[in-house]
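Below is one structure, written out as structure tokens; comments come after it.
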Amino acid sequence: MLKDQTFLITGIADENSLAMKTAEKILENNGKVVCAGLGVTPFHKNISEKAQAFLDKNYNDFQTACHKVLGDQVYTAPLDVTLPESLDFLAKDLYQKDIKLNGFLHAIAMDKTIRQKSVKPMLEVTVEEFNETMNVSAFSLISLSQALLSNNVLQNGASIVSLSYIAAEKVSSFPYINISIAKAALERLTMEIAHELGRKYGIRANAIRFSPYMGSKAGNATLNAEDVEKAHQKSPLGNALPEDLAHEIVHLFRKETRITGEIRHVDGGFHIMG
Ligand SMILES: NC(=O)c1ccc[n+]([C@@H]2O[C@H](COP(=O)([O-])OP(=O)(O)OC[C@H]3O[C@@H](n4cnc5c(N)ncnc54)[C@H](O)[C@@H]3O)[C@@H](O)[C@H]2O)c1
């Protein structure tokens, strides 16, 4: 289905990341992947020892998982979406290696107002926390698209997929508040680029709202088992699995689909319930 096509996968922290399942599915469908994971880049200046250790561990886990699951030959590179130079460096490296992309998966989120499964009320969120979450989790869709397009790496007719969830639209029982606002922005940004890039380059862009999933690093740090079980009971088909999500992403990556600007649900039907 994806023969001779290459996709950039962001957001792999380790083997359990949702993005990893998608990367595997792309390979199963005869496509190729290149992976960018959070790590130290030449553009990180004056970072604390603690931050350096965190980024080093993150990159090491990312690389080890990519090589183990996707093969020793898979392209891996560090990326910090908060640094424009890092985005540009990645795009230039892909260009120099003659890697042309047929699309990318945006699977990046971060919210420091969620700590050990408890979350700050909206009225206690600082402007710095709000802006940082917005930048990493939403605006990065634009900055990544800009970097790839300005370096001629993203091909005409490419497909972009971003990951969201139902809390973008409704107040939810999950411990998501500040990040939900960023997800709402991410969805609107997905629609805006579907319009702009669709007209200009025939590029498609869609967002998928996925079920709560505790298997990943982010899911495990934020969700609790009780809420996930409640969602499972409420969903007509039960919570969707990473495999279901990967299947839908591969579908949206296919050249044959004229689908764009959609906010799709891969959530076992949770979204139809009152
Ligand atoms: N787990 C869930 O319940 C769930 C449900 C719906 C949507 N999602 C979304 O799916 C996506 C992937 O999440 P996941 O559950 O696989 O967790 P994950 O922890 O495996 O992935 C989150 C990724 O974001 C990356 N990241 C954070 N800051 C970054 C930065 N500055 N630069 C580059 N990368 C950065 C992390 O390194 C990590 O790889 C996220 O957008 C998340 O909001 C998750």
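The way I read the labels, and the way they are meant: chains A, B, ... in the order of the structure tokens, residue 1 as the first residue of every chain, and ligand 1 as the first ligand shown, with later ones counted on from there.
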
Would you kindly return, as a CSV table (one decimal) with N, CA, C and O atoms, in the first residue's frame, each protein, DNA or RNA residue with an atom no farther than 7 Å from any atom of range 155-170 of chain A, considering only C-alpha atoms and excluding same-chain residues fewer than 6 positions away?
```csv
chain,number,residue,atom,x,y,z
A,100,LYS,N,13.1,12.2,0.4
A,100,LYS,CA,11.9,13.0,0.1
A,100,LYS,C,10.7,12.4,0.9
A,100,LYS,O,10.5,11.2,0.8
A,101,LEU,N,10.0,13.2,1.5
A,101,LEU,CA,8.9,12.7,2.4
A,101,LEU,C,7.5,12.7,1.7
A,101,LEU,O,7.2,13.7,1.1
A,102,ASN,N,6.8,11.6,1.9
A,102,ASN,CA,5.4,11.5,1.5
A,102,ASN,C,4.4,11.9,2.6
A,102,ASN,O,3.2,11.8,2.4
A,103,GLY,N,5.0,12.3,3.7
A,103,GLY,CA,4.1,12.7,4.8
A,103,GLY,C,4.9,12.6,6.1
A,103,GLY,O,6.0,12.1,6.2
A,104,PHE,N,4.2,13.0,7.2
A,104,PHE,CA,4.7,12.9,8.5
A,104,PHE,C,3.7,12.7,9.6
A,104,PHE,O,2.5,13.1,9.4
A,105,LEU,N,4.1,12.1,10.7
A,105,LEU,CA,3.2,11.9,11.8
A,105,LEU,C,3.6,12.9,12.9
A,105,LEU,O,4.8,12.8,13.4
A,106,HIS,N,2.7,13.7,13.4
A,106,HIS,CA,3.0,14.6,14.5
A,106,HIS,C,2.4,13.9,15.8
A,106,HIS,O,1.2,13.8,15.9
A,107,ALA,N,3.3,13.4,16.6
A,107,ALA,CA,2.9,12.7,17.8
A,107,ALA,C,3.6,13.3,19.0
A,107,ALA,O,4.1,12.5,19.9
A,180,SER,N,-5.4,20.2,26.9
A,180,SER,CA,-6.6,20.1,26.1
A,180,SER,C,-6.8,21.4,25.2
A,180,SER,O,-7.2,21.3,24.1
A,181,ILE,N,-6.4,22.5,25.8
A,181,ILE,CA,-6.5,23.8,25.0
A,181,ILE,C,-5.5,23.7,23.8
A,181,ILE,O,-5.8,24.1,22.7
A,183,LYS,N,-4.5,20.9,22.4
A,183,LYS,CA,-5.1,20.0,21.4
A,183,LYS,C,-6.1,20.6,20.6
A,183,LYS,O,-6.2,20.3,19.4
A,184,ALA,N,-6.9,21.5,21.2
A,184,ALA,CA,-7.9,22.2,20.4
A,184,ALA,C,-7.2,23.1,19.3
A,184,ALA,O,-7.6,23.1,18.1
A,201,TYR,N,-0.1,22.7,-2.5
A,201,TYR,CA,0.7,21.6,-2.9
A,201,TYR,C,0.0,20.3,-3.0
A,201,TYR,O,0.6,19.2,-3.1
A,202,GLY,N,-1.3,20.3,-2.8
A,202,GLY,CA,-2.1,19.1,-2.8
A,202,GLY,C,-1.8,18.2,-1.6
A,202,GLY,O,-2.0,17.0,-1.6
A,203,ILE,N,-1.3,18.9,-0.5
A,203,ILE,CA,-1.0,18.1,0.7
A,203,ILE,C,-2.2,18.0,1.6
A,203,ILE,O,-3.0,19.0,1.7
A,204,ARG,N,-2.4,16.8,2.1
A,204,ARG,CA,-3.6,16.6,3.0
A,204,ARG,C,-3.1,16.6,4.5
A,204,ARG,O,-2.0,16.4,4.8
A,205,ALA,N,-4.1,17.0,5.4
A,205,ALA,CA,-3.7,17.1,6.8
A,205,ALA,C,-5.0,16.7,7.6
A,205,ALA,O,-6.1,17.2,7.4
A,206,ASN,N,-4.8,15.7,8.5
A,206,ASN,CA,-5.9,15.3,9.3
A,206,ASN,C,-5.5,15.0,10.7
A,206,ASN,O,-4.3,14.7,11.0
A,207,ALA,N,-6.4,15.2,11.7
A,207,ALA,CA,-6.1,14.9,13.1
A,207,ALA,C,-6.9,13.6,13.5
A,207,ALA,O,-8.0,13.4,13.0
A,208,ILE,N,-6.4,12.9,14.4
A,208,ILE,CA,-7.1,11.7,14.9
A,208,ILE,C,-7.2,11.8,16.4
A,208,ILE,O,-6.2,12.0,17.1
A,209,ARG,N,-8.4,11.7,16.9
A,209,ARG,CA,-8.6,11.7,18.4
A,209,ARG,C,-8.6,10.2,18.8
A,209,ARG,O,-9.5,9.4,18.3
A,210,PHE,N,-7.7,9.9,19.7
A,210,PHE,CA,-7.6,8.5,20.1
A,210,PHE,C,-8.0,8.2,21.5
A,210,PHE,O,-8.1,9.2,22.3
A,211,SER,N,-8.3,7.0,21.8
A,211,SER,CA,-8.8,6.6,23.2
A,211,SER,C,-7.6,6.8,24.2
A,211,SER,O,-6.5,6.9,23.8
A,249,ILE,N,-3.9,5.6,10.5
A,249,ILE,CA,-2.9,6.5,10.0
A,249,ILE,C,-2.4,6.0,8.7
A,249,ILE,O,-2.2,6.8,7.7
A,253,PHE,N,-2.4,8.0,5.1
A,253,PHE,CA,-1.2,8.2,4.4
A,253,PHE,C,-1.3,7.7,3.0
A,253,PHE,O,-0.5,8.1,2.1
A,271,HIS,N,-16.9,9.0,21.4
A,271,HIS,CA,-17.3,10.3,21.2
A,271,HIS,C,-18.8,10.5,20.9
A,271,HIS,O,-19.3,11.6,21.0
```

Surroundings of ligand 1 up to 6 Å, based on only C-alpha atoms and all ligand atoms, as a ChimeraX atom specification: /A:11-13,17-19,37-38,79-82,107-110,136,163-165,209-214,216-219

Determine which residues of range 108-204 of chain A receive a DSSP assignment of strand (DSSP E), computed from the backbone, and state them as a JSON list (two decimals) with N, CA, C and O atoms, in the first residue's frame.
```json
[["chain", "number", "residue", "atom", "x", "y", "z"],
["A", 114, "ILE", "N", 0.84, 18.94, 34.34],
["A", 114, "ILE", "CA", 0.41, 17.60, 34.79],
["A", 114, "ILE", "C", 1.61, 16.99, 35.50],
["A", 114, "ILE", "O", 2.67, 16.84, 34.93],
["A", 115, "ARG", "N", 1.41, 16.66, 36.75],
["A", 115, "ARG", "CA", 2.50, 16.09, 37.55],
["A", 115, "ARG", "C", 1.96, 14.91, 38.34],
["A", 115, "ARG", "O", 1.02, 15.07, 39.11],
["A", 118, "SER", "N", -1.71, 14.34, 38.71],
["A", 118, "SER", "CA", -2.59, 15.41, 39.16],
["A", 118, "SER", "C", -2.33, 16.60, 38.23],
["A", 118, "SER", "O", -1.26, 16.71, 37.63],
["A", 119, "VAL", "N", -3.32, 17.45, 38.12],
["A", 119, "VAL", "CA", -3.23, 18.51, 37.13],
["A", 119, "VAL", "C", -3.62, 19.85, 37.73],
["A", 119, "VAL", "O", -4.54, 19.93, 38.55],
["A", 154, "LEU", "N", 9.30, 17.96, 1.88],
["A", 154, "LEU", "CA", 7.93, 17.43, 1.86],
["A", 154, "LEU", "C", 7.38, 17.54, 0.44],
["A", 154, "LEU", "O", 7.30, 18.63, -0.12],
["A", 155, "GLN", "N", 7.02, 16.40, -0.12],
["A", 155, "GLN", "CA", 6.60, 16.37, -1.53],
["A", 155, "GLN", "C", 5.17, 16.84, -1.74],
["A", 155, "GLN", "O", 4.34, 16.72, -0.83],
["A", 156, "ASN", "N", 4.88, 17.29, -2.94],
["A", 156, "ASN", "CA", 3.49, 17.59, -3.29],
["A", 156, "ASN", "C", 2.66, 16.32, -3.10],
["A", 156, "ASN", "O", 3.15, 15.22, -3.39],
["A", 157, "GLY", "N", 1.43, 16.47, -2.63],
["A", 157, "GLY", "CA", 0.56, 15.31, -2.45],
["A", 157, "GLY", "C", 0.84, 14.54, -1.17],
["A", 157, "GLY", "O", 0.27, 13.47, -0.95],
["A", 158, "ALA", "N", 1.71, 15.08, -0.30],
["A", 158, "ALA", "CA", 2.04, 14.38, 0.96],
["A", 158, "ALA", "C", 0.83, 14.38, 1.91],
["A", 158, "ALA", "O", -0.17, 15.07, 1.67],
["A", 159, "SER", "N", 0.96, 13.60, 2.97],
["A", 159, "SER", "CA", -0.14, 13.49, 3.95],
["A", 159, "SER", "C", 0.41, 13.70, 5.36],
["A", 159, "SER", "O", 1.42, 13.11, 5.73],
["A", 160, "ILE", "N", -0.27, 14.56, 6.11],
["A", 160, "ILE", "CA", 0.17, 14.88, 7.48],
["A", 160, "ILE", "C", -0.91, 14.40, 8.44],
["A", 160, "ILE", "O", -2.10, 14.62, 8.21],
["A", 161, "VAL", "N", -0.50, 13.74, 9.52],
["A", 161, "VAL", "CA", -1.47, 13.30, 10.54],
["A", 161, "VAL", "C", -0.99, 13.79, 11.90],
["A", 161, "VAL", "O", 0.18, 13.65, 12.25],
["A", 162, "SER", "N", -1.92, 14.38, 12.67],
["A", 162, "SER", "CA", -1.60, 14.79, 14.04],
["A", 162, "SER", "C", -2.49, 14.01, 15.01],
["A", 162, "SER", "O", -3.56, 13.54, 14.64],
["A", 163, "LEU", "N", -2.02, 13.88, 16.25],
["A", 163, "LEU", "CA", -2.76, 13.08, 17.24],
["A", 163, "LEU", "C", -3.40, 13.95, 18.32],
["A", 163, "LEU", "O", -2.72, 14.77, 18.95],
["A", 164, "SER", "N", -4.69, 13.72, 18.53],
["A", 164, "SER", "CA", -5.44, 14.53, 19.49],
["A", 164, "SER", "C", -6.32, 13.61, 20.34],
["A", 164, "SER", "O", -6.18, 12.38, 20.31],
["A", 204, "ARG", "N", -2.41, 16.81, 2.12],
["A", 204, "ARG", "CA", -3.55, 16.55, 3.01],
["A", 204, "ARG", "C", -3.12, 16.64, 4.47],
["A", 204, "ARG", "O", -1.96, 16.38, 4.78]]
```

Interatomic distance, CA of Ala240 in chain A to CA of Leu252 in chain A (Å, one decimal):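 These atoms are spaced 17.0 Å apart.
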
Best match for closeness to Ile263 in chain A among A:Ala65, A:Ala231, A:Ala194, A:Ala138, counting only C-alpha atoms: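 Comparing A:Ala65, A:Ala231, A:Ala194, A:Ala138 against Ile263 in chain A, the winner is A:Ala194.
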
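Relative to CA of Ala91 in chain A, CA of Leu148 in chain A is found at 5.3 Å.
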
Helix (DSSP H, G or I) per DSSP on the backbone: members of range 7-197 of chain A, as a PyMOL selection string: chain A and resi 18-28+49-70+84-96+122-124+127-150+166-168+178-197

Residue neighbourhood Met122 in chain A, 10 Å, only C-alpha atoms, exclusion window fewer than 2 positions, as a PyMOL selection string: chain A and resi 113+119-120+124-126+130+176-178+181

Please produce a file of the residues just selected, as a compact mmCIF listing (two decimals), in the first residue's frame, where the atoms kept are N, CA, C and O atoms.
```
# COMPACT_ATOMS: atom_id res chain seq x y z
N THR A 113 2.07 21.14 33.51
CA THR A 113 1.09 21.36 34.58
C THR A 113 0.47 20.03 35.04
O THR A 113 -0.31 20.00 35.97
N VAL A 119 -3.32 17.45 38.12
CA VAL A 119 -3.23 18.51 37.13
C VAL A 119 -3.62 19.85 37.73
O VAL A 119 -4.54 19.93 38.55
N LYS A 120 -2.92 20.90 37.34
CA LYS A 120 -3.24 22.25 37.83
C LYS A 120 -4.57 22.71 37.27
O LYS A 120 -4.80 22.57 36.06
N GLU A 124 -4.79 28.36 37.66
CA GLU A 124 -3.45 28.40 38.28
C GLU A 124 -2.32 28.26 37.26
O GLU A 124 -1.14 28.32 37.59
N VAL A 125 -2.70 28.06 36.00
CA VAL A 125 -1.69 27.87 34.95
C VAL A 125 -1.04 29.23 34.62
O VAL A 125 -1.74 30.22 34.43
N THR A 126 0.29 29.24 34.59
CA THR A 126 0.98 30.50 34.28
C THR A 126 1.04 30.69 32.76
O THR A 126 0.92 29.72 32.00
N PHE A 130 1.40 27.87 29.81
CA PHE A 130 0.44 27.84 28.71
C PHE A 130 1.17 27.91 27.36
O PHE A 130 0.95 27.09 26.47
N TYR A 176 -6.61 16.23 32.07
CA TYR A 176 -6.11 17.09 30.99
C TYR A 176 -6.83 18.42 31.06
O TYR A 176 -8.05 18.47 30.90
N ILE A 177 -6.11 19.47 31.26
CA ILE A 177 -6.75 20.79 31.24
C ILE A 177 -5.97 21.68 30.26
O ILE A 177 -6.42 21.91 29.13
N ASN A 178 -4.80 22.14 30.70
CA ASN A 178 -3.97 22.99 29.84
C ASN A 178 -3.69 22.34 28.49
O ASN A 178 -3.80 22.97 27.43
N ILE A 181 -6.36 22.52 25.75
CA ILE A 181 -6.45 23.77 24.97
C ILE A 181 -5.46 23.67 23.80
O ILE A 181 -5.76 24.08 22.68
```

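Separating CA of Ser137 in chain A from CA of Gln5 in chain A is a distance of 26.1 Å.
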